[in-house]
Amino acid sequence: MSRIHRPSITRYVDANGRRCTKSTPGARKISEKSKTYWGVYRDAEGIERWVALSTDKTAAQAMLADKVKAALNTEAGLRSRFDDHLAKPLKKHLADYRKVQEARKRSPVHIDNSIRWTEEALNGCRIVWWRDLSVSSVEMWLSGEIAADRGLATLNHVIESIKAFLNWLVADGRAPSNPLQGLGKYNADTDRRRVRRALTTDELSRLFDVTVKSSTIVSGFDGPTREILYRAAAYTGLRASELASLTEGSFDFAGGTVSISAKSTKNRKTADLPLHVDFAARLQAWLEARRRAAPTLTLKPATAKLWPGGWAEKRRGASMLRMDLEAAGIAHAGDDGERVDFHALRTTFVTQLARAGVSLVDAQKLARHSTPQLTAKSYTKLTLHDLAGSVSKLPNAEAKAAAKTGTDDKPVTPAADLVARLVARPPATDCHNSGQSAETADGKKKQAGDRKLQSPAMLSRSEPECPRQDLNLHECYLTRPSTKNANKTFQQNSHKNKAYSFCMTLTNPLTQST
């Protein structure tokens, strides 16, 4: 049997009426009814439950009736396993979501941003319970944010964050499905607020030269330390957080590689990257100079951070680089909205790979991007000068046309040219006969001399006697008349026939294999 009641509450107060403990001298005992109605009922397992309901009696009775009905439906198998979870406010689930992300060792910056963007969407849409979620309510709030000149890229982060949170609820068995699954993202390319550009080779050289000579200390780094940090970013493409985690033990100069631990990478996977030869030599020289300048800097140089401090976590790299860019006469922001911050050095790394002719697949692996589209679209910033160099590699159409002839537009080969010349010539006499043939009046031929088969060696010796001095040995072979008598002689001298055919296969340009 279920019921509601207001239980008695006993408390102790001192002489001034303030609440105190029972052992306090002069404490008085006061008993009074609770302002909140409590409900008592038995759940589906038959266990008696006490739950706080409401200060209003009517509302408390309705709430208790819902509890009893849910228990009966569960006992009858009519209640969903999600009902208890969906009865909680979404902010309580969001607090559990944060704990799970922290247990998974996700980046603190990523956790803070995702929770902040999710809370912003829930508060903006006035969503408290699961039943309040709908695509239309979120889209209306997003439309208002766009009207307030909110960046589309930022709104895409908000959409990704709240959808990831709801997907976690589904995966954890707290919700049946994601009601915002059909909510799409915006085309951020139409509203780019922060566009990074890549530094040119000349700008990189000027930045390095000016920084290494600087006497200013920024974030605890002197000029040479900042210069080698910029080189590391431009020649490895590592992010600021990854550079901040590097130690001397991270580099294998013998193998020419650098290793980044999984806890420091964005995708939480260990990365081994090759080192540029010139950068590796400069880094070794800087490390040696660092040891000589401060021999007592650290007791464990292999595990000491090369660029320590909170400069990466607090995002001070952009302001640090901006100071050195201004000293080098390089604008950190252009009129077209493109800017150069610390992450632009990673963009410079990928762009330099493209300028060097590195394939997109290799560039994606070196940058450790999830898709080649990200490498090509967001990190490859080729200038008009770079594209002009690519256009200059196109073949010359006039040069190709000069090597063709006829109406079929096919290239002229030596063999085809030879056949064309032979077709245009009048019938030629056999240069390999010892006599000449004449046509009689009645149309009968009389052989003036016996045709003699000659070997390739004999042909070579008889070539100068050919009356057609403009033909070579192969042309004479092609222009000789009927070989009826020669075929008879070939049958009589089969061994000579085989040797001659083999030799002509090697020397005749029309029968040479391509």
# chains A, B, ... in the order shown; residues from 1 in each chain; ligands from 1
>>> select_by_dssp(residues="region 222-253 of chain A", states="alpha helix (DSSP H)", output="PDB file with N, CA and C atoms, in the first residue's frame")
ATOM      1  N   GLY A 223      66.285  33.755 -27.213  1.00  0.00           N
ATOM      2  CA  GLY A 223      66.198  33.736 -28.672  1.00  0.00           C
ATOM      3  C   GLY A 223      66.553  32.399 -29.296  1.00  0.00           C
ATOM      4  N   PRO A 224      67.742  31.811 -28.978  1.00  0.00           N
ATOM      5  CA  PRO A 224      68.092  30.511 -29.574  1.00  0.00           C
ATOM      6  C   PRO A 224      67.096  29.402 -29.234  1.00  0.00           C
ATOM      7  N   THR A 225      66.529  29.445 -28.025  1.00  0.00           N
ATOM      8  CA  THR A 225      65.552  28.416 -27.655  1.00  0.00           C
ATOM      9  C   THR A 225      64.276  28.554 -28.477  1.00  0.00           C
ATOM     10  N   ARG A 226      63.810  29.786 -28.682  1.00  0.00           N
ATOM     11  CA  ARG A 226      62.619  29.978 -29.513  1.00  0.00           C
ATOM     12  C   ARG A 226      62.907  29.628 -30.966  1.00  0.00           C
ATOM     13  N   GLU A 227      64.105  29.942 -31.429  1.00  0.00           N
ATOM     14  CA  GLU A 227      64.442  29.663 -32.828  1.00  0.00           C
ATOM     15  C   GLU A 227      64.431  28.164 -33.109  1.00  0.00           C
ATOM     16  N   ILE A 228      64.993  27.356 -32.213  1.00  0.00           N
ATOM     17  CA  ILE A 228      64.997  25.912 -32.440  1.00  0.00           C
ATOM     18  C   ILE A 228      63.603  25.333 -32.258  1.00  0.00           C
ATOM     19  N   LEU A 229      62.774  25.993 -31.418  1.00  0.00           N
ATOM     20  CA  LEU A 229      61.374  25.574 -31.276  1.00  0.00           C
ATOM     21  C   LEU A 229      60.611  25.820 -32.572  1.00  0.00           C
ATOM     22  N   TYR A 230      60.812  26.983 -33.180  1.00  0.00           N
ATOM     23  CA  TYR A 230      60.154  27.258 -34.462  1.00  0.00           C
ATOM     24  C   TYR A 230      60.630  26.291 -35.549  1.00  0.00           C
ATOM     25  N   ARG A 231      61.910  25.987 -35.544  1.00  0.00           N
ATOM     26  CA  ARG A 231      62.427  25.019 -36.525  1.00  0.00           C
ATOM     27  C   ARG A 231      61.777  23.648 -36.328  1.00  0.00           C
ATOM     28  N   ALA A 232      61.652  23.242 -35.070  1.00  0.00           N
ATOM     29  CA  ALA A 232      61.036  21.940 -34.799  1.00  0.00           C
ATOM     30  C   ALA A 232      59.600  21.889 -35.306  1.00  0.00           C
ATOM     31  N   ALA A 233      58.859  22.985 -35.119  1.00  0.00           N
ATOM     32  CA  ALA A 233      57.470  23.017 -35.587  1.00  0.00           C
ATOM     33  C   ALA A 233      57.392  23.015 -37.109  1.00  0.00           C
ATOM     34  N   ALA A 234      58.296  23.736 -37.769  1.00  0.00           N
ATOM     35  CA  ALA A 234      58.244  23.857 -39.228  1.00  0.00           C
ATOM     36  C   ALA A 234      58.809  22.643 -39.944  1.00  0.00           C
ATOM     37  N   TYR A 235      59.705  21.878 -39.301  1.00  0.00           N
ATOM     38  CA  TYR A 235      60.346  20.740 -39.960  1.00  0.00           C
ATOM     39  C   TYR A 235      59.802  19.394 -39.518  1.00  0.00           C
ATOM     40  N   THR A 236      58.927  19.369 -38.509  1.00  0.00           N
ATOM     41  CA  THR A 236      58.292  18.124 -38.085  1.00  0.00           C
ATOM     42  C   THR A 236      56.778  18.182 -38.180  1.00  0.00           C
ATOM     43  N   ALA A 240      51.704  22.224 -30.795  1.00  0.00           N
ATOM     44  CA  ALA A 240      52.344  22.876 -29.652  1.00  0.00           C
ATOM     45  C   ALA A 240      52.386  21.948 -28.444  1.00  0.00           C
ATOM     46  N   SER A 241      51.288  21.244 -28.156  1.00  0.00           N
ATOM     47  CA  SER A 241      51.268  20.340 -27.009  1.00  0.00           C
ATOM     48  C   SER A 241      52.247  19.190 -27.180  1.00  0.00           C
ATOM     49  N   GLU A 242      52.438  18.737 -28.413  1.00  0.00           N
ATOM     50  CA  GLU A 242      53.392  17.657 -28.667  1.00  0.00           C
ATOM     51  C   GLU A 242      54.826  18.145 -28.518  1.00  0.00           C
ATOM     52  N   LEU A 243      55.107  19.366 -28.969  1.00  0.00           N
ATOM     53  CA  LEU A 243      56.440  19.927 -28.803  1.00  0.00           C
ATOM     54  C   LEU A 243      56.759  20.152 -27.333  1.00  0.00           C
ATOM     55  N   ALA A 244      55.754  20.561 -26.560  1.00  0.00           N
ATOM     56  CA  ALA A 244      55.977  20.813 -25.135  1.00  0.00           C
ATOM     57  C   ALA A 244      56.289  19.540 -24.369  1.00  0.00           C
TER      58      ALA A 244
END
>>> residues_around(residues="Thr74 (chain A)", least_positions_apart="6", cutoff="12 Å", atoms="only C-alpha atoms", output="PDB file with N, CA and C atoms, in the first residue's frame")
ATOM      1  N   ARG A  42       5.988   0.119  -2.701  1.00  0.00           N
ATOM      2  CA  ARG A  42       6.799  -1.066  -2.970  1.00  0.00           C
ATOM      3  C   ARG A  42       7.104  -1.118  -4.473  1.00  0.00           C
ATOM      4  N   ASP A  43       8.395  -1.345  -4.779  1.00  0.00           N
ATOM      5  CA  ASP A  43       8.808  -1.393  -6.181  1.00  0.00           C
ATOM      6  C   ASP A  43       8.504  -2.756  -6.778  1.00  0.00           C
ATOM      7  N   ALA A  44       8.972  -2.967  -8.014  1.00  0.00           N
ATOM      8  CA  ALA A  44       8.662  -4.209  -8.726  1.00  0.00           C
ATOM      9  C   ALA A  44       9.242  -5.437  -8.039  1.00  0.00           C
ATOM     10  N   GLU A  45      10.262  -5.255  -7.213  1.00  0.00           N
ATOM     11  CA  GLU A  45      10.868  -6.369  -6.507  1.00  0.00           C
ATOM     12  C   GLU A  45      10.266  -6.563  -5.118  1.00  0.00           C
ATOM     13  N   GLY A  46       9.266  -5.771  -4.765  1.00  0.00           N
ATOM     14  CA  GLY A  46       8.618  -5.904  -3.485  1.00  0.00           C
ATOM     15  C   GLY A  46       9.308  -5.210  -2.338  1.00  0.00           C
ATOM     16  N   LYS A  67       5.081   6.802  -9.553  1.00  0.00           N
ATOM     17  CA  LYS A  67       6.040   5.823  -9.075  1.00  0.00           C
ATOM     18  C   LYS A  67       5.399   4.435  -8.964  1.00  0.00           C
ATOM     19  N   VAL A  68       4.178   4.407  -8.422  1.00  0.00           N
ATOM     20  CA  VAL A  68       3.474   3.136  -8.274  1.00  0.00           C
ATOM     21  C   VAL A  68       3.163   2.531  -9.645  1.00  0.00           C
ATOM     22  N   SER A  80      10.077   0.302 -19.968  1.00  0.00           N
ATOM     23  CA  SER A  80      11.376   0.268 -20.649  1.00  0.00           C
ATOM     24  C   SER A  80      12.512   0.398 -19.641  1.00  0.00           C
ATOM     25  N   ARG A  81      13.636  -0.167 -20.008  1.00  0.00           N
ATOM     26  CA  ARG A  81      14.815  -0.074 -19.141  1.00  0.00           C
ATOM     27  C   ARG A  81      15.426   1.321 -19.164  1.00  0.00           C
ATOM     28  N   PHE A  82      14.973   2.167 -20.079  1.00  0.00           N
ATOM     29  CA  PHE A  82      15.516   3.528 -20.173  1.00  0.00           C
ATOM     30  C   PHE A  82      14.767   4.526 -19.286  1.00  0.00           C
ATOM     31  N   ASP A  83      13.631   4.132 -18.734  1.00  0.00           N
ATOM     32  CA  ASP A  83      12.775   5.095 -18.047  1.00  0.00           C
ATOM     33  C   ASP A  83      13.454   5.745 -16.855  1.00  0.00           C
ATOM     34  N   ASP A  84      14.192   4.950 -16.084  1.00  0.00           N
ATOM     35  CA  ASP A  84      14.859   5.523 -14.912  1.00  0.00           C
ATOM     36  C   ASP A  84      15.916   6.540 -15.312  1.00  0.00           C
TER      37      ASP A  84
END
>>> select_by_dssp(residues="region 233-327 of chain A", states="strand (DSSP E)", output="PyMOL selection string")
chain A and resi 251-252+257-260+271-274
>>> write_last_selection(atoms="N, CA, C and O atoms", output="compact mmCIF listing (two decimals), in the first residue's frame")
# COMPACT_ATOMS: atom_id res chain seq x y z
N PHE A 251 64.39 11.92 -29.09
CA PHE A 251 65.05 11.96 -30.40
C PHE A 251 66.04 10.81 -30.50
O PHE A 251 66.80 10.53 -29.57
N ASP A 252 66.02 10.15 -31.64
CA ASP A 252 66.99 9.12 -31.99
C ASP A 252 67.80 9.65 -33.17
O ASP A 252 67.42 9.49 -34.33
N THR A 257 64.96 9.85 -36.15
CA THR A 257 63.53 9.87 -35.88
C THR A 257 63.25 10.60 -34.57
O THR A 257 64.14 10.80 -33.75
N VAL A 258 62.00 10.99 -34.39
CA VAL A 258 61.50 11.57 -33.15
C VAL A 258 60.23 10.82 -32.77
O VAL A 258 59.40 10.50 -33.63
N SER A 259 60.07 10.51 -31.48
CA SER A 259 58.93 9.75 -30.99
C SER A 259 58.09 10.62 -30.07
O SER A 259 58.64 11.32 -29.21
N ILE A 260 56.77 10.55 -30.26
CA ILE A 260 55.84 11.29 -29.40
C ILE A 260 54.97 10.27 -28.70
O ILE A 260 54.40 9.37 -29.34
N ALA A 271 53.51 8.11 -32.03
CA ALA A 271 53.92 8.51 -33.37
C ALA A 271 55.44 8.54 -33.46
O ALA A 271 56.11 9.06 -32.57
N ASP A 272 55.97 7.96 -34.52
CA ASP A 272 57.40 8.01 -34.84
C ASP A 272 57.55 8.68 -36.19
O ASP A 272 57.03 8.18 -37.20
N LEU A 273 58.26 9.80 -36.22
CA LEU A 273 58.37 10.60 -37.43
C LEU A 273 59.83 10.76 -37.82
O LEU A 273 60.71 10.83 -36.94
N PRO A 274 60.12 10.84 -39.13
CA PRO A 274 61.51 11.06 -39.57
C PRO A 274 61.94 12.51 -39.34
O PRO A 274 61.11 13.43 -39.35
>>> residues_around(residues="region 164-166 of chain A", least_positions_apart="6", cutoff="9 Å", atoms="only C-alpha atoms", output="list in words")
His93, Leu94, Tyr97, Ser114, Ile115, Thr118, Ala175, Ser177, Asn178, Pro179, Leu180 and Gln181 of chain A
>>> atom_distance(atom1="CA of Ser137 (chain A)", atom2="CA of Asn113 (chain A)")
22.1 Å
>>> closest_residue(among="A:Thr154, A:Thr201, A:Ser161, A:Thr303", to="Glu119 (chain A)", atoms="only C-alpha atoms")
A:Ser161
>>> atom_distance(atom1="CA of Leu325 (chain A)", atom2="CA of Leu204 (chain A)")
9.7 Å
>>> atom_distance(atom1="CA of Ala15 (chain A)", atom2="CA of Arg28 (chain A)")
7.8 Å
>>> residues_around(residues="Lys381 (chain A)", least_positions_apart="2", cutoff="12 Å", atoms="only C-alpha atoms", output="count of residues only")
30
>>> closest_residue(among="A:Ser215, A:Val170, A:Thr58, A:Glu139", to="Lys185 (chain A)", atoms="only C-alpha atoms")
A:Glu139
>>> residues_around(residues="region 188-192 of chain A", least_positions_apart="2", cutoff="8 Å", atoms="only C-alpha atoms", output="list of chain:residue names")
A:Gly151, A:Leu152, A:Ala153, A:Asn156, A:Tyr186, A:Arg194, A:Val195
>>> write_last_selection(atoms="all heavy atoms", output="short mmCIF file (atom, residue, chain, number, x, y, z; two decimals), in the first residue's frame")
data_model
loop_
_atom_site.label_atom_id
_atom_site.label_comp_id
_atom_site.auth_asym_id
_atom_site.auth_seq_id
_atom_site.Cartn_x
_atom_site.Cartn_y
_atom_site.Cartn_z
N GLY A 151 30.25 32.51 -35.58
CA GLY A 151 30.97 31.80 -36.63
C GLY A 151 30.40 30.41 -36.87
O GLY A 151 30.03 29.69 -35.94
N LEU A 152 30.32 30.01 -38.15
CA LEU A 152 29.78 28.69 -38.49
C LEU A 152 30.70 27.57 -38.01
O LEU A 152 30.21 26.50 -37.63
CB LEU A 152 29.58 28.59 -40.01
CG LEU A 152 28.56 29.54 -40.63
CD1 LEU A 152 28.41 29.27 -42.12
CD2 LEU A 152 27.21 29.41 -39.93
N ALA A 153 32.00 27.80 -38.03
CA ALA A 153 32.92 26.77 -37.56
C ALA A 153 32.70 26.50 -36.07
O ALA A 153 32.71 25.34 -35.63
CB ALA A 153 34.37 27.18 -37.82
N ASN A 156 29.55 24.51 -35.61
CA ASN A 156 29.78 23.11 -35.95
C ASN A 156 30.38 22.35 -34.77
O ASN A 156 30.06 21.18 -34.53
CB ASN A 156 30.68 23.00 -37.17
CG ASN A 156 29.95 23.31 -38.46
OD1 ASN A 156 28.72 23.25 -38.52
ND2 ASN A 156 30.68 23.63 -39.50
N TYR A 186 27.01 22.98 -40.76
CA TYR A 186 27.02 24.06 -41.74
C TYR A 186 28.29 23.98 -42.59
O TYR A 186 29.28 23.36 -42.21
CB TYR A 186 26.95 25.43 -41.04
CG TYR A 186 25.69 25.65 -40.26
CD1 TYR A 186 25.66 25.49 -38.87
CD2 TYR A 186 24.51 26.03 -40.90
CE1 TYR A 186 24.49 25.70 -38.15
CE2 TYR A 186 23.34 26.25 -40.18
CZ TYR A 186 23.33 26.08 -38.81
OH TYR A 186 22.19 26.28 -38.11
N ARG A 194 38.93 32.37 -39.18
CA ARG A 194 40.36 32.24 -38.89
C ARG A 194 40.99 31.36 -39.95
O ARG A 194 40.83 30.15 -39.96
CB ARG A 194 40.58 31.62 -37.50
CG ARG A 194 42.05 31.41 -37.16
CD ARG A 194 42.22 30.87 -35.76
NE ARG A 194 41.77 31.81 -34.76
CZ ARG A 194 41.82 31.58 -33.45
NH1 ARG A 194 42.27 30.42 -33.01
NH2 ARG A 194 41.40 32.49 -32.60
N VAL A 195 41.69 31.99 -40.88
CA VAL A 195 42.35 31.29 -41.98
C VAL A 195 43.86 31.46 -41.81
O VAL A 195 44.37 32.58 -41.79
CB VAL A 195 41.89 31.84 -43.35
CG1 VAL A 195 42.57 31.08 -44.48
CG2 VAL A 195 40.37 31.75 -43.47
#
>>> closest_residue(among="A:Met140, A:Lys314, A:Asp96, A:Gly329", to="Glu203 (chain A)", atoms="only C-alpha atoms")
A:Gly329
>>> closest_residue(among="A:Thr10, A:Arg18, A:Ser214, A:Lys365", to="Ile30 (chain A)", atoms="only C-alpha atoms")
A:Thr10
